[in-house]
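Asker: Below are the structure tokens for one structure; questions will follow.
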Amino acid sequence: RCVFGARFTLKEHVGTVFGCALSADGKLGISSAHDKACILWNMTSGTALRNLEGHSDIKFGRMFNVAFGCALSADGKLALSVSMDETCILWDALDGAVIHKLHGHTDWVRGCALSADGKFALSASRDTTCILWNTSLGTKIHTLKGHTKVVHDCALSANGKLAISASGDHTCILWNTSCGKAIHTLEGHNDCVFGCALSSDGRLALSASRDSTCILWNVSHGTPIHTLIGHTGAVNGCELSVDGTLALSASDDNSCILWDTSSGAQIHKFKGHTDWVLECALSADGKQALSASRDKTCILWNTSGHAGQMIM
């Protein structure tokens, strides 16, 4: 039965939680926070497995160092984190060991993504670029240049052949990762774009903006399909289900909204955080969602049946 109570409100962080991600099966989660740490979570029990601590606190000082973003490979074996220290760290999620520390950006790294198979990583930076990485070698493949302001977020298609980036210049750019060239510049928001996502097959893109809306895009044509209107504050993050039928958004209005991408209609508004919701994630089947908030917690949600209840 539907009971509005949290099975898991994840409370180990002591600062704002900026990022979160789920493995494809929803059994493993990761969160990144103002306390510099990323935490790997057992999402079946709601318990912390280990802290991933490896970002420097020397350049900016500990109290200012932030792990902004995080990602997981589909199988949950690899994790990625990005920080104010201008680096990305690729982790072995099974034992918490550092695989590679990726150097290449010249300013804070704000967002990151992994391809489903974990072969490629993508990072987004305040230096206005994204970098595509070879995860096995820890080397740079391409630097993606096209934005004129900070790049807040990025995403990869499942096969890693397509990328999207979201920027303070009010646009998203779709990229061909094989050559590192822009395919389309997506223009439609009238304020900073904070979040972006791609469907697994790369046919749909989603963007989230400070203008309080999300836009669902046709990737092939670079044109908008729906503008998703329902939040009353900036939309900080967004996600698409693997099959592209569901969208999720996270907002300064302390809520997440689940959307039907075919109609653009709101399915349910998730309320449970007590401060801005900064990021969100969906399991591959779309039945579980994870949200990260300035209230220092993550919440695991049950979206199956679209009842919108916290999991009991």
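By order of appearance in the structure tokens: chains A, B, ..., then residues from 1 within every chain, and ligands from 1 in the order shown.
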Can you tell me which residues surround Ala24 (chain A) at a distance of at most 10 Å, considering only C-alpha atoms, apart from same-chain residues fewer than 5 positions away, and format the answer as a ChimeraX atom specification?

Answerer: /A:29,72-76,116,242,282-286

Asker: Give me, as an MDAnalysis selection string, all polymer residues having an atom no more than 10 Å from Ser199 (chain A), counting only C-alpha atoms and skipping those fewer than 4 positions away in the same chain.

Answerer: chainID A and resid 155:158 203:206 219 239:247

Asker: Any idea what's packed within 10 Å of Leu137 (chain A), counting only C-alpha atoms, ignoring anything in its chain fewer than 2 positions away? Could you give it as a list in words?

Answerer: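 Non-adjacent residues within range: Ile99, His100, Lys119, Trp133, Asn134, Thr135, Thr139 and Lys140 of chain A.
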
Asker: Using only C-alpha atoms, tabulate the residues of region 14-53 of chain A lying at most 9 Å from any atom of region 287-303 of chain A, each with its closest atom pair and that distance in Å to one decimal, by chain and increasing residue number, as CSV.

Answerer:
residue,atom,partner,partner_atom,distance
A:Val14,CA,A:Lys296,CA,6.2
A:Gly15,CA,A:Lys296,CA,5.3
A:Thr16,CA,A:Arg294,CA,4.3
A:Val17,CA,A:Ser293,CA,5.2
A:Phe18,CA,A:Ala292,CA,6.2
A:Gly19,CA,A:Ala292,CA,6.0
A:Cys20,CA,A:Ala292,CA,6.0
A:Ala21,CA,A:Leu290,CA,7.2
A:Leu22,CA,A:Leu290,CA,7.4
A:Gly26,CA,A:Gln288,CA,6.8
A:Gly29,CA,A:Leu290,CA,8.2
A:Ser31,CA,A:Ala292,CA,7.4
A:Ser32,CA,A:Ala292,CA,8.7
A:Ala33,CA,A:Lys296,CA,8.0
A:His34,CA,A:Lys296,CA,8.8
A:Met43,CA,A:Leu300,CA,8.1
A:Gly46,CA,A:Leu300,CA,8.7

Asker: Create the file for the chosen residues now, containing all heavy atoms and written as a short mmCIF file (atom, residue, chain, number, x, y, z; two decimals), in the first residue's frame.

Answerer:
data_model
loop_
_atom_site.label_atom_id
_atom_site.label_comp_id
_atom_site.auth_asym_id
_atom_site.auth_seq_id
_atom_site.Cartn_x
_atom_site.Cartn_y
_atom_site.Cartn_z
N VAL A 14 27.44 15.87 5.88
CA VAL A 14 27.34 16.99 6.82
C VAL A 14 27.28 18.33 6.10
O VAL A 14 27.36 19.39 6.72
CB VAL A 14 28.52 16.97 7.83
CG1 VAL A 14 28.47 15.74 8.70
CG2 VAL A 14 29.86 17.08 7.10
N GLY A 15 27.13 18.29 4.79
CA GLY A 15 27.00 19.50 3.98
C GLY A 15 26.01 19.28 2.86
O GLY A 15 25.48 18.17 2.67
N THR A 16 25.75 20.33 2.11
CA THR A 16 24.86 20.26 0.96
C THR A 16 25.24 19.10 0.05
O THR A 16 26.42 18.90 -0.27
CB THR A 16 24.95 21.57 0.15
OG1 THR A 16 24.48 22.64 0.96
CG2 THR A 16 24.12 21.49 -1.13
N VAL A 17 24.25 18.33 -0.38
CA VAL A 17 24.48 17.22 -1.31
C VAL A 17 24.18 17.74 -2.72
O VAL A 17 23.05 18.08 -3.04
CB VAL A 17 23.63 15.98 -0.98
CG1 VAL A 17 24.08 14.80 -1.84
CG2 VAL A 17 23.73 15.63 0.49
N PHE A 18 25.24 17.80 -3.52
CA PHE A 18 25.12 18.38 -4.86
C PHE A 18 24.77 17.36 -5.94
O PHE A 18 24.17 17.71 -6.95
CB PHE A 18 26.43 19.07 -5.25
CG PHE A 18 26.69 20.36 -4.54
CD1 PHE A 18 27.56 20.41 -3.46
CD2 PHE A 18 26.06 21.52 -4.93
CE1 PHE A 18 27.81 21.60 -2.80
CE2 PHE A 18 26.29 22.72 -4.28
CZ PHE A 18 27.17 22.76 -3.20
N GLY A 19 25.21 16.12 -5.77
CA GLY A 19 25.04 15.14 -6.84
C GLY A 19 24.58 13.80 -6.34
O GLY A 19 24.75 13.45 -5.17
N CYS A 20 23.99 13.02 -7.24
CA CYS A 20 23.59 11.65 -6.92
C CYS A 20 23.45 10.86 -8.21
O CYS A 20 23.24 11.43 -9.29
CB CYS A 20 22.30 11.60 -6.11
SG CYS A 20 20.83 12.26 -6.95
N ALA A 21 23.57 9.56 -8.09
CA ALA A 21 23.41 8.67 -9.24
C ALA A 21 23.04 7.28 -8.75
O ALA A 21 23.29 6.94 -7.58
CB ALA A 21 24.70 8.62 -10.07
N LEU A 22 22.46 6.48 -9.64
CA LEU A 22 22.08 5.11 -9.35
C LEU A 22 22.67 4.18 -10.39
O LEU A 22 22.80 4.55 -11.56
CB LEU A 22 20.56 4.94 -9.36
CG LEU A 22 19.76 5.53 -8.20
CD1 LEU A 22 18.27 5.54 -8.54
CD2 LEU A 22 20.01 4.75 -6.91
N GLY A 26 19.49 -0.16 -9.73
CA GLY A 26 19.02 0.58 -8.57
C GLY A 26 19.53 0.06 -7.24
O GLY A 26 19.13 0.55 -6.18
N GLY A 29 23.94 3.23 -5.05
CA GLY A 29 23.80 4.66 -5.24
C GLY A 29 25.08 5.37 -4.86
O GLY A 29 25.93 4.82 -4.16
N SER A 31 26.47 9.57 -3.83
CA SER A 31 26.15 10.97 -3.60
C SER A 31 27.44 11.76 -3.41
O SER A 31 28.45 11.22 -2.96
CB SER A 31 25.25 11.12 -2.36
OG SER A 31 25.85 10.53 -1.23
N SER A 32 27.41 13.03 -3.77
CA SER A 32 28.59 13.91 -3.64
C SER A 32 28.16 15.19 -2.95
O SER A 32 27.07 15.70 -3.19
CB SER A 32 29.19 14.22 -5.01
OG SER A 32 28.20 14.74 -5.88
N ALA A 33 29.05 15.73 -2.09
CA ALA A 33 28.59 16.80 -1.20
C ALA A 33 29.64 17.85 -0.90
O ALA A 33 30.82 17.71 -1.24
CB ALA A 33 28.09 16.19 0.11
N HIS A 34 29.18 18.88 -0.21
CA HIS A 34 30.00 20.01 0.21
C HIS A 34 31.05 19.58 1.21
O HIS A 34 32.04 20.30 1.44
CB HIS A 34 29.11 21.10 0.80
CG HIS A 34 29.76 22.43 0.94
ND1 HIS A 34 30.62 22.74 1.97
CD2 HIS A 34 29.67 23.54 0.17
CE1 HIS A 34 31.04 23.99 1.83
NE2 HIS A 34 30.49 24.50 0.76
N MET A 43 21.52 0.53 -1.76
CA MET A 43 20.18 1.07 -1.85
C MET A 43 19.12 0.04 -1.44
O MET A 43 17.94 0.39 -1.32
CB MET A 43 19.90 1.58 -3.26
CG MET A 43 20.87 2.65 -3.74
SD MET A 43 21.08 4.03 -2.58
CE MET A 43 19.46 4.76 -2.61
N GLY A 46 19.81 0.87 2.47
CA GLY A 46 19.92 2.28 2.81
C GLY A 46 21.12 2.60 3.66
O GLY A 46 21.15 3.63 4.35
#

Asker: Can you check which residues of region 9-129 of chain A DSSP gives as strand (DSSP E) on the backbone and send them as JSON, numbers by chain?

Answerer: {"A": [9, 10, 17, 18, 19, 20, 21, 22, 28, 29, 30, 31, 32, 33, 38, 39, 40, 41, 42, 47, 48, 49, 50, 51, 52, 67, 68, 69, 70, 71, 72, 78, 79, 80, 81, 82, 83, 87, 88, 89, 90, 91, 92, 98, 99, 100, 101, 102, 103, 109, 110, 111, 112, 113, 114, 120, 121, 122, 123, 124, 125, 129]}

Asker: My list of candidates is A:Ile39, A:Asn51, A:Ile89, A:Ser45. Which is closest to Lys27 (chain A) when distances are computed with only C-alpha atoms?

Answerer: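 Closest to Lys27 (chain A), using only C-alpha atoms: A:Ser45.
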
Asker: Quick one, how far is CA of Glu279 (chain A) from CA of Thr213 (chain A)?

Answerer: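 Value for the CA of Glu279 (chain A)-CA of Thr213 (chain A) distance: 14.6 Å.
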
Asker: Choose the residue, out of A:Arg110, A:Arg210, A:Lys161, A:His268, that has the smallest atom-to-atom separation from Ser251 (chain A); count only C-alpha atoms.

Answerer: A:Arg210

Asker: Which of these, A:Asp252, A:Asp25, A:Asp191, A:Asp127, has the shortest distance to Ser207 (chain A) once you count only C-alpha atoms?

Answerer: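 Closest to Ser207 (chain A), using only C-alpha atoms: A:Asp191.
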
Asker: Measuring atom to atom with only C-alpha atoms, identify which of A:Gly111, A:Gly118, A:Gly54, A:Gly168 is nearest to Leu78 (chain A).

Answerer: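 Counting only C-alpha atoms, the residue closest to Leu78 (chain A) is A:Gly118.
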
Asker: Show me, as a Markdown table, the residues of region 250-282 of chain A having an atom within 9 Å of region 229-234 of chain A, each with the closest atom pair and its distance in Å, using only C-alpha atoms.

Answerer:
| residue | atom | partner | partner_atom | distance |
| --- | --- | --- | --- | --- |
| A:Ala250 | CA | A:Ala234 | CA | 8.6 |
| A:Ser251 | CA | A:Ala234 | CA | 5.6 |
| A:Asp252 | CA | A:Gly233 | CA | 4.9 |
| A:Asp253 | CA | A:Gly233 | CA | 5.0 |
| A:Asn254 | CA | A:Gly233 | CA | 8.5 |
| A:Ser255 | CA | A:His231 | CA | 8.0 |
| A:Cys256 | CA | A:His231 | CA | 8.4 |
| A:Ile257 | CA | A:Gly230 | CA | 7.8 |
| A:Gly264 | CA | A:Ile229 | CA | 8.7 |
| A:Ala265 | CA | A:Ile229 | CA | 8.8 |
| A:Gln266 | CA | A:Gly230 | CA | 7.5 |
| A:Lys269 | CA | A:Gly230 | CA | 8.9 |
| A:Trp276 | CA | A:Gly233 | CA | 9.0 |

Asker: Put those residues in a file: all heavy atoms, as an mmCIF file, in the first residue's frame.

Answerer:
data_model
loop_
_atom_site.group_PDB
_atom_site.id
_atom_site.type_symbol
_atom_site.label_atom_id
_atom_site.label_comp_id
_atom_site.auth_asym_id
_atom_site.auth_seq_id
_atom_site.Cartn_x
_atom_site.Cartn_y
_atom_site.Cartn_z
ATOM 1 N N ALA A 250 14.542 18.211 -10.705
ATOM 2 C CA ALA A 250 14.831 18.581 -9.318
ATOM 3 C C ALA A 250 14.939 20.094 -9.217
ATOM 4 O O ALA A 250 15.633 20.721 -10.023
ATOM 5 C CB ALA A 250 16.146 17.935 -8.866
ATOM 6 N N SER A 251 14.307 20.678 -8.189
ATOM 7 C CA SER A 251 14.137 22.129 -8.197
ATOM 8 C C SER A 251 14.396 22.803 -6.854
ATOM 9 O O SER A 251 14.314 22.192 -5.785
ATOM 10 C CB SER A 251 12.714 22.459 -8.651
ATOM 11 O OG SER A 251 12.412 23.836 -8.502
ATOM 12 N N ASP A 252 14.636 24.125 -6.944
ATOM 13 C CA ASP A 252 14.745 24.979 -5.769
ATOM 14 C C ASP A 252 13.430 25.077 -4.996
ATOM 15 O O ASP A 252 13.424 25.616 -3.878
ATOM 16 C CB ASP A 252 15.145 26.402 -6.188
ATOM 17 C CG ASP A 252 16.630 26.548 -6.432
ATOM 18 O OD1 ASP A 252 17.365 25.547 -6.341
ATOM 19 O OD2 ASP A 252 17.063 27.683 -6.742
ATOM 20 N N ASP A 253 12.321 24.608 -5.553
ATOM 21 C CA ASP A 253 11.050 24.625 -4.830
ATOM 22 C C ASP A 253 10.932 23.441 -3.865
ATOM 23 O O ASP A 253 9.841 23.139 -3.356
ATOM 24 C CB ASP A 253 9.858 24.687 -5.790
ATOM 25 C CG ASP A 253 9.725 23.457 -6.689
ATOM 26 O OD1 ASP A 253 10.381 22.431 -6.418
ATOM 27 O OD2 ASP A 253 8.954 23.534 -7.666
ATOM 28 N N ASN A 254 12.072 22.752 -3.620
ATOM 29 C CA ASN A 254 12.181 21.630 -2.673
ATOM 30 C C ASN A 254 11.513 20.349 -3.164
ATOM 31 O O ASN A 254 11.284 19.429 -2.368
ATOM 32 C CB ASN A 254 11.599 21.989 -1.291
ATOM 33 C CG ASN A 254 12.257 23.181 -0.639
ATOM 34 O OD1 ASN A 254 13.211 23.752 -1.175
ATOM 35 N ND2 ASN A 254 11.774 23.564 0.528
ATOM 36 N N SER A 255 11.208 20.273 -4.446
ATOM 37 C CA SER A 255 10.500 19.107 -4.966
ATOM 38 C C SER A 255 11.180 18.524 -6.192
ATOM 39 O O SER A 255 12.042 19.149 -6.816
ATOM 40 C CB SER A 255 9.055 19.484 -5.327
ATOM 41 O OG SER A 255 9.008 20.174 -6.572
ATOM 42 N N CYS A 256 10.786 17.299 -6.521
ATOM 43 C CA CYS A 256 11.074 16.689 -7.819
ATOM 44 C C CYS A 256 9.745 16.447 -8.511
ATOM 45 O O CYS A 256 8.721 16.215 -7.857
ATOM 46 C CB CYS A 256 11.794 15.353 -7.659
ATOM 47 S SG CYS A 256 13.473 15.478 -7.027
ATOM 48 N N ILE A 257 9.759 16.484 -9.834
ATOM 49 C CA ILE A 257 8.548 16.176 -10.604
ATOM 50 C C ILE A 257 8.864 15.057 -11.585
ATOM 51 O O ILE A 257 9.893 15.085 -12.268
ATOM 52 C CB ILE A 257 7.996 17.402 -11.356
ATOM 53 C CG1 ILE A 257 7.534 18.484 -10.375
ATOM 54 C CG2 ILE A 257 6.835 16.999 -12.267
ATOM 55 C CD1 ILE A 257 7.001 19.750 -11.044
ATOM 56 N N GLY A 264 4.187 15.305 -22.176
ATOM 57 C CA GLY A 264 4.703 16.459 -21.462
ATOM 58 C C GLY A 264 3.942 16.744 -20.178
ATOM 59 O O GLY A 264 4.143 17.788 -19.548
ATOM 60 N N ALA A 265 3.081 15.808 -19.770
ATOM 61 C CA ALA A 265 2.244 16.015 -18.593
ATOM 62 C C ALA A 265 2.973 15.628 -17.313
ATOM 63 O O ALA A 265 3.801 14.712 -17.306
ATOM 64 C CB ALA A 265 0.958 15.198 -18.721
ATOM 65 N N GLN A 266 2.635 16.319 -16.241
ATOM 66 C CA GLN A 266 3.168 16.000 -14.925
ATOM 67 C C GLN A 266 2.469 14.763 -14.387
ATOM 68 O O GLN A 266 1.240 14.687 -14.370
ATOM 69 C CB GLN A 266 2.957 17.186 -13.989
ATOM 70 C CG GLN A 266 3.452 16.974 -12.573
ATOM 71 C CD GLN A 266 3.265 18.211 -11.710
ATOM 72 O OE1 GLN A 266 3.552 19.336 -12.149
ATOM 73 N NE2 GLN A 266 2.769 18.032 -10.504
ATOM 74 N N LYS A 269 4.349 15.088 -8.229
ATOM 75 C CA LYS A 269 5.354 15.945 -7.588
ATOM 76 C C LYS A 269 5.780 15.279 -6.274
ATOM 77 O O LYS A 269 4.944 14.954 -5.427
ATOM 78 C CB LYS A 269 4.797 17.340 -7.314
ATOM 79 C CG LYS A 269 5.815 18.276 -6.666
ATOM 80 C CD LYS A 269 5.307 19.713 -6.584
ATOM 81 C CE LYS A 269 5.483 20.453 -7.888
ATOM 82 N NZ LYS A 269 5.287 21.923 -7.748
ATOM 83 N N TRP A 276 16.376 23.222 -1.145
ATOM 84 C CA TRP A 276 16.517 23.028 -2.585
ATOM 85 C C TRP A 276 16.929 21.601 -2.931
ATOM 86 O O TRP A 276 17.798 21.011 -2.282
ATOM 87 C CB TRP A 276 17.575 23.971 -3.142
ATOM 88 C CG TRP A 276 17.294 25.421 -2.982
ATOM 89 C CD1 TRP A 276 16.139 26.015 -2.555
ATOM 90 C CD2 TRP A 276 18.214 26.491 -3.244
ATOM 91 N NE1 TRP A 276 16.282 27.375 -2.527
ATOM 92 C CE2 TRP A 276 17.538 27.691 -2.954
ATOM 93 C CE3 TRP A 276 19.518 26.528 -3.702
ATOM 94 C CZ2 TRP A 276 18.142 28.940 -3.111
ATOM 95 C CZ3 TRP A 276 20.130 27.773 -3.853
ATOM 96 C CH2 TRP A 276 19.442 28.952 -3.557
#

Asker: In terms of the shortest atom-to-atom distance over only C-alpha atoms, which of A:His105, A:Asp211, A:Val82, A:Cys179 is closest to Asp153 (chain A)?

Answerer: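 Closest candidate: A:Val82.
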
Asker: Nearest to Arg126 (chain A) among A:Ser200, A:Ser167, A:Asn159, A:Thr143, with distances taken over only C-alpha atoms: which residue is it?

Answerer: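 Going through A:Ser200, A:Ser167, A:Asn159, A:Thr143 one by one, the smallest distance to Arg126 (chain A) is for A:Ser167.
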
Asker: Provide the CA of Thr274 (chain A) to CA of Phe68 (chain A) distance in Å, to one decimal place.

Answerer: 19.9 Å
